[in-house]
Amino acid sequence: MNPSSNAKPKIAEMYPGIFQPTGHTDEGPNLPTAPLNTLLGFELETYQVPLDQLLPSKKIMDGTMSTRKYKQVVSSIHEIGLIEPLSVIQPDPKKSEFLLLDGHLRVLALKELGMETAPCLMAKDDESYSYNHLLNRLSTVQEHYMLRRAIDRGVSRERLARAFNVNLSSINRRINLLEGICPEAIDLLQDKQFTPDVTRILRNMKAARQVEAVELMVASNTITVAHAEALLKATPPEQRADLKPAERDKTSPIEQIVKLEKEMSQVQTQYKDAEQNYGSDLLNLVVAKGYLTKLLANEAVKSYIHRHEPEILEQFELVVNTVSMEEAVQQQADTTPVDASEAS
């Protein structure tokens, strides 16, 4: 149905939680029979709207189509289609134009893939914010469950890698995310965002130490690889799973305590050095990012680097699209070529 041809589609009003009497004399369930105070933000039908009738509500930044996020959107739509419909509103029912509230990257991706129409949700209010602000993003553990379910239903790992626009080793790390992690630690990580390398480090600890380490990271709101490695180094040998019993008995308890104190002192020194240099390093990164953004905005310069030094251009774009140091490390790991032994 095209909403431009019928501004008020014939849709039966539906209100959550209303009991519709059937006319029988028997007493029905104790449910409300009148509309609740619930406002629907969208129409109940999904419309197929031509892409050339969509008007953007915000300006797309230069270089957006070269970002890793945009490439993932294109790969996902190409492999499995559009999952989330676009959010639009029709400002003037007399015109066939629609204002795009959310889904600008998806529109660009659909046009690049040669699509002519897209499924759209018709909003009732012209909100000034993006509807993405009201979404709860998938946590890392939920993403793992989603991938495992897709594998169980017959989706190949290669297709998942193409859909997410990452290499196969990255998909394998996400699929094996919780292998060797105790259930208590998994419960603590259910709604958290972290890189798969965090659980790789936690596997080197026994169950009780895993729970303790996760609690410390959650309490400080720093579920990072650096924090996990520091906790692993501070873990007593008897609470580590990566050390064999013979290796633990080589040194006396006194020597182990002395060694642990030295390691803790080194970790604290490295932490203080990183804390002192963090401000200047971050400032240098911001300045470098700003310079590279202006540099790549020059099409002539960007074209020259692409022809003569494509690898350098790829690193420049990585710096420009980096939001945090942790993201930069993860993007570097995801873009690393797949080893032949891993692929097999």
# chains A, B, ... in the order shown; residues from 1 in each chain; ligands from 1

$ select_by_dssp --residues "range 106-264 of chain A" --states "alpha helix (DSSP H)" --output "ChimeraX atom specification"
/A:106-112,140-152,157-164,168-175,183-188,196-202,207-220,225-233,245-248,253-264

$ residues_around --residues "Ala213 in chain A" --least-positions-apart "3" --cutoff "12 Å" --atoms "only C-alpha atoms" --output "number ranges by chain"
A: 181, 184-186, 188-189, 198-199, 201-210, 216-220, 222-225, 227-235, 239-240

$ write_last_selection --atoms "N, CA, C and O atoms" --output "short mmCIF file (atom, residue, chain, number, x, y, z; two decimals), in the first residue's frame"
data_model
loop_
_atom_site.label_atom_id
_atom_site.label_comp_id
_atom_site.auth_asym_id
_atom_site.auth_seq_id
_atom_site.Cartn_x
_atom_site.Cartn_y
_atom_site.Cartn_z
N ILE A 181 34.28 -20.11 30.21
CA ILE A 181 33.87 -19.08 31.17
C ILE A 181 32.76 -19.66 32.05
O ILE A 181 31.81 -20.27 31.55
N GLU A 184 28.56 -18.02 36.43
CA GLU A 184 28.43 -16.82 37.26
C GLU A 184 29.06 -15.60 36.59
O GLU A 184 28.50 -14.50 36.63
N ALA A 185 30.22 -15.80 35.97
CA ALA A 185 30.88 -14.69 35.27
C ALA A 185 30.07 -14.27 34.04
O ALA A 185 29.98 -13.08 33.72
N ILE A 186 29.45 -15.25 33.35
CA ILE A 186 28.62 -14.93 32.19
C ILE A 186 27.44 -14.07 32.60
O ILE A 186 27.07 -13.12 31.90
N LEU A 188 27.28 -11.93 34.98
CA LEU A 188 27.74 -10.57 35.24
C LEU A 188 28.00 -9.80 33.95
O LEU A 188 27.94 -8.57 33.93
N LEU A 189 28.31 -10.52 32.87
CA LEU A 189 28.65 -9.87 31.59
C LEU A 189 27.47 -9.80 30.63
O LEU A 189 27.64 -9.34 29.50
N VAL A 198 38.78 -10.12 25.97
CA VAL A 198 38.62 -10.10 27.42
C VAL A 198 38.35 -11.51 27.94
O VAL A 198 38.97 -11.97 28.91
N THR A 199 37.43 -12.24 27.29
CA THR A 199 37.15 -13.60 27.73
C THR A 199 38.32 -14.54 27.42
O THR A 199 38.49 -15.55 28.11
N ILE A 201 41.36 -13.84 27.93
CA ILE A 201 42.23 -13.71 29.10
C ILE A 201 41.59 -14.35 30.32
O ILE A 201 42.28 -14.99 31.14
N LEU A 202 40.27 -14.22 30.46
CA LEU A 202 39.58 -14.80 31.62
C LEU A 202 39.69 -16.32 31.62
O LEU A 202 39.62 -16.94 32.70
N ARG A 203 39.84 -16.95 30.45
CA ARG A 203 39.96 -18.41 30.41
C ARG A 203 41.21 -18.91 31.14
O ARG A 203 41.27 -20.09 31.51
N ASN A 204 42.18 -18.03 31.32
CA ASN A 204 43.41 -18.43 32.01
C ASN A 204 43.24 -18.42 33.52
O ASN A 204 44.21 -18.69 34.24
N MET A 205 42.03 -18.09 33.99
CA MET A 205 41.76 -18.07 35.43
C MET A 205 40.77 -19.17 35.78
O MET A 205 39.98 -19.59 34.93
N LYS A 206 40.81 -19.61 37.02
CA LYS A 206 39.81 -20.56 37.49
C LYS A 206 38.49 -19.85 37.75
O LYS A 206 38.42 -18.62 37.77
N ALA A 207 37.43 -20.63 37.95
CA ALA A 207 36.07 -20.08 38.00
C ALA A 207 35.93 -18.99 39.07
O ALA A 207 35.39 -17.91 38.80
N ALA A 208 36.40 -19.26 40.29
CA ALA A 208 36.25 -18.28 41.37
C ALA A 208 36.98 -16.98 41.04
O ALA A 208 36.46 -15.88 41.29
N ARG A 209 38.16 -17.10 40.47
CA ARG A 209 38.93 -15.90 40.11
C ARG A 209 38.27 -15.17 38.93
O ARG A 209 38.33 -13.94 38.85
N GLN A 210 37.64 -15.90 38.01
CA GLN A 210 36.92 -15.27 36.91
C GLN A 210 35.82 -14.36 37.44
O GLN A 210 35.69 -13.20 37.00
N LEU A 216 35.36 -6.91 39.62
CA LEU A 216 36.24 -5.74 39.72
C LEU A 216 36.12 -4.87 38.46
O LEU A 216 36.07 -3.64 38.56
N MET A 217 36.08 -5.50 37.29
CA MET A 217 35.98 -4.73 36.05
C MET A 217 34.63 -4.03 35.93
O MET A 217 34.55 -2.89 35.49
N VAL A 218 33.56 -4.73 36.31
CA VAL A 218 32.23 -4.13 36.24
C VAL A 218 32.11 -2.97 37.22
O VAL A 218 31.53 -1.91 36.90
N ALA A 219 32.66 -3.14 38.43
CA ALA A 219 32.58 -2.09 39.44
C ALA A 219 33.30 -0.82 38.99
O ALA A 219 32.85 0.30 39.28
N SER A 220 34.41 -0.97 38.27
CA SER A 220 35.17 0.19 37.80
C SER A 220 34.74 0.64 36.40
O SER A 220 35.28 1.61 35.88
N THR A 222 35.33 -0.62 33.55
CA THR A 222 36.42 -0.72 32.58
C THR A 222 36.64 -2.19 32.22
O THR A 222 37.58 -2.83 32.71
N ILE A 223 35.76 -2.72 31.39
CA ILE A 223 35.89 -4.11 30.94
C ILE A 223 36.74 -4.09 29.68
O ILE A 223 36.25 -4.16 28.56
N THR A 224 38.05 -3.98 29.89
CA THR A 224 38.98 -3.83 28.78
C THR A 224 40.05 -4.91 28.84
O THR A 224 40.23 -5.59 29.87
N VAL A 225 40.77 -5.06 27.75
CA VAL A 225 41.85 -6.05 27.69
C VAL A 225 42.96 -5.69 28.66
O VAL A 225 43.52 -6.56 29.34
N HIS A 227 42.81 -4.05 31.48
CA HIS A 227 42.40 -4.34 32.86
C HIS A 227 42.42 -5.84 33.13
O HIS A 227 42.88 -6.30 34.19
N ALA A 228 41.93 -6.63 32.17
CA ALA A 228 41.92 -8.09 32.35
C ALA A 228 43.34 -8.64 32.44
O ALA A 228 43.62 -9.54 33.25
N GLU A 229 44.26 -8.13 31.63
CA GLU A 229 45.64 -8.59 31.69
C GLU A 229 46.29 -8.23 33.03
O GLU A 229 47.06 -9.02 33.59
N ALA A 230 45.99 -7.04 33.54
CA ALA A 230 46.53 -6.65 34.84
C ALA A 230 46.03 -7.57 35.95
O ALA A 230 46.79 -7.98 36.84
N LEU A 231 44.73 -7.92 35.88
CA LEU A 231 44.18 -8.83 36.89
C LEU A 231 44.76 -10.23 36.74
O LEU A 231 44.95 -10.93 37.74
N LEU A 232 45.03 -10.66 35.50
CA LEU A 232 45.64 -11.97 35.30
C LEU A 232 47.04 -12.02 35.91
O LEU A 232 47.41 -13.02 36.54
N LYS A 233 47.79 -10.95 35.72
CA LYS A 233 49.15 -10.91 36.29
C LYS A 233 49.12 -10.90 37.81
O LYS A 233 50.05 -11.40 38.46
N ALA A 234 48.07 -10.32 38.38
CA ALA A 234 47.95 -10.28 39.84
C ALA A 234 47.28 -11.53 40.42
O ALA A 234 47.10 -11.63 41.63
N THR A 235 46.94 -12.48 39.57
CA THR A 235 46.27 -13.70 40.03
C THR A 235 47.30 -14.68 40.59
O THR A 235 48.30 -14.97 39.93
N GLN A 239 45.30 -20.02 41.39
CA GLN A 239 44.00 -19.64 40.85
C GLN A 239 44.04 -19.46 39.33
O GLN A 239 43.06 -19.00 38.74
N ARG A 240 45.15 -19.85 38.73
CA ARG A 240 45.28 -19.74 37.27
C ARG A 240 45.08 -21.11 36.63
O ARG A 240 45.52 -22.13 37.15
#

$ closest_residue --among "A:Ala161, A:Arg153, A:Asp191, A:Gly290" --to "Ser139 in chain A" --atoms "only C-alpha atoms"
A:Asp191

$ closest_residue --among "A:Lys71, A:Lys259, A:Arg200, A:Arg159" --to "Ala241 in chain A" --atoms "only C-alpha atoms"
A:Arg200

$ residues_around --residues "range 95-99 of chain A" --least-positions-apart "4" --cutoff "7 Å" --atoms "only C-alpha atoms" --output "mmCIF file with C-alpha atoms, in the first residue's frame"
data_model
loop_
_atom_site.group_PDB
_atom_site.id
_atom_site.type_symbol
_atom_site.label_atom_id
_atom_site.label_comp_id
_atom_site.auth_asym_id
_atom_site.auth_seq_id
_atom_site.Cartn_x
_atom_site.Cartn_y
_atom_site.Cartn_z
ATOM 1 C CA SER A 4 0.811 8.835 -0.625
ATOM 2 C CA GLN A 53 10.709 10.028 -2.612
ATOM 3 C CA LEU A 54 12.703 10.076 0.647
ATOM 4 C CA LEU A 55 14.048 13.427 1.840
ATOM 5 C CA PRO A 56 16.980 13.331 4.322
ATOM 6 C CA SER A 57 16.513 15.051 7.673
ATOM 7 C CA VAL A 88 9.675 8.194 7.888
ATOM 8 C CA ILE A 89 6.902 10.760 8.172
ATOM 9 C CA GLN A 90 4.756 12.405 5.501
ATOM 10 C CA PRO A 91 4.774 16.164 6.271
#

$ select_by_dssp --residues "range 61-107 of chain A" --states "strand (DSSP E)" --output "list of chain:residue names"
A:Leu86, A:Ser87, A:Val88, A:Ile89, A:Phe98, A:Leu99, A:Leu100, A:Leu101, A:Asp102

$ closest_residue --among "A:Ser170, A:Ser66, A:Asn176, A:Ser280" --to "Val320 in chain A" --atoms "only C-alpha atoms"
A:Ser66

$ residues_around --residues "Leu138 in chain A" --least-positions-apart "4" --cutoff "10 Å" --atoms "only C-alpha atoms" --output "MDAnalysis selection string"
chainID A and resid 142:144 146 190:193

$ residues_around --residues "Cys120 in chain A" --least-positions-apart "5" --cutoff "8 Å" --atoms "only C-alpha atoms" --output "PyMOL selection string"
chain A and resi 46-49+85-88

$ write_last_selection --atoms "C-alpha atoms" --output "PDB file, in the first residue's frame"
ATOM      1  CA  THR A  46       4.738  -1.219   6.924  1.00  0.00           C
ATOM      2  CA  TYR A  47       4.863   0.652   3.624  1.00  0.00           C
ATOM      3  CA  GLN A  48       7.057   0.157   0.566  1.00  0.00           C
ATOM      4  CA  VAL A  49       8.280   3.657  -0.325  1.00  0.00           C
ATOM      5  CA  PRO A  85      12.623  -0.736   8.372  1.00  0.00           C
ATOM      6  CA  LEU A  86      13.261   2.954   7.831  1.00  0.00           C
ATOM      7  CA  SER A  87      11.456   5.540   9.970  1.00  0.00           C
ATOM      8  CA  VAL A  88       9.675   8.194   7.888  1.00  0.00           C
TER       9      VAL A  88
END

$ residues_around --residues "range 109-118 of chain A" --least-positions-apart "4" --cutoff "7 Å" --atoms "only C-alpha atoms" --output "compact mmCIF listing (two decimals) with N, CA, C and O atoms, in the first residue's frame"
# COMPACT_ATOMS: atom_id res chain seq x y z
N GLN A 48 5.96 0.17 1.52
CA GLN A 48 7.06 0.16 0.57
C GLN A 48 7.11 1.53 -0.11
O GLN A 48 6.21 1.90 -0.85
N VAL A 49 8.16 2.29 0.18
CA VAL A 49 8.28 3.66 -0.32
C VAL A 49 9.44 3.73 -1.31
O VAL A 49 10.54 3.23 -1.01
N PRO A 50 9.25 4.34 -2.47
CA PRO A 50 10.38 4.52 -3.40
C PRO A 50 11.48 5.37 -2.77
O PRO A 50 11.21 6.36 -2.09
N LEU A 51 12.72 4.98 -3.01
CA LEU A 51 13.84 5.69 -2.42
C LEU A 51 13.95 7.12 -2.92
O LEU A 51 14.43 7.99 -2.18
N VAL A 73 27.03 -2.20 6.97
CA VAL A 73 25.61 -2.08 6.61
C VAL A 73 25.38 -2.62 5.21
O VAL A 73 24.43 -3.38 4.96
N VAL A 74 26.25 -2.25 4.26
CA VAL A 74 26.10 -2.72 2.88
C VAL A 74 26.23 -4.24 2.83
O VAL A 74 25.43 -4.93 2.17
N LEU A 105 22.01 5.84 6.59
CA LEU A 105 23.05 4.93 6.06
C LEU A 105 22.41 3.79 5.28
O LEU A 105 22.93 3.35 4.26

$ closest_residue --among "A:Ile60, A:Leu260, A:Ile171, A:Met65" --to "His104 in chain A" --atoms "only C-alpha atoms"
A:Ile60

$ closest_residue --among "A:Gly63, A:Val301, A:Leu296, A:Lys262" --to "Phe316 in chain A" --atoms "only C-alpha atoms"
A:Leu296

$ atom_distance --atom1 "CA of Lys289 in chain A" --atom2 "CA of Asp273 in chain A"
23.4 Å
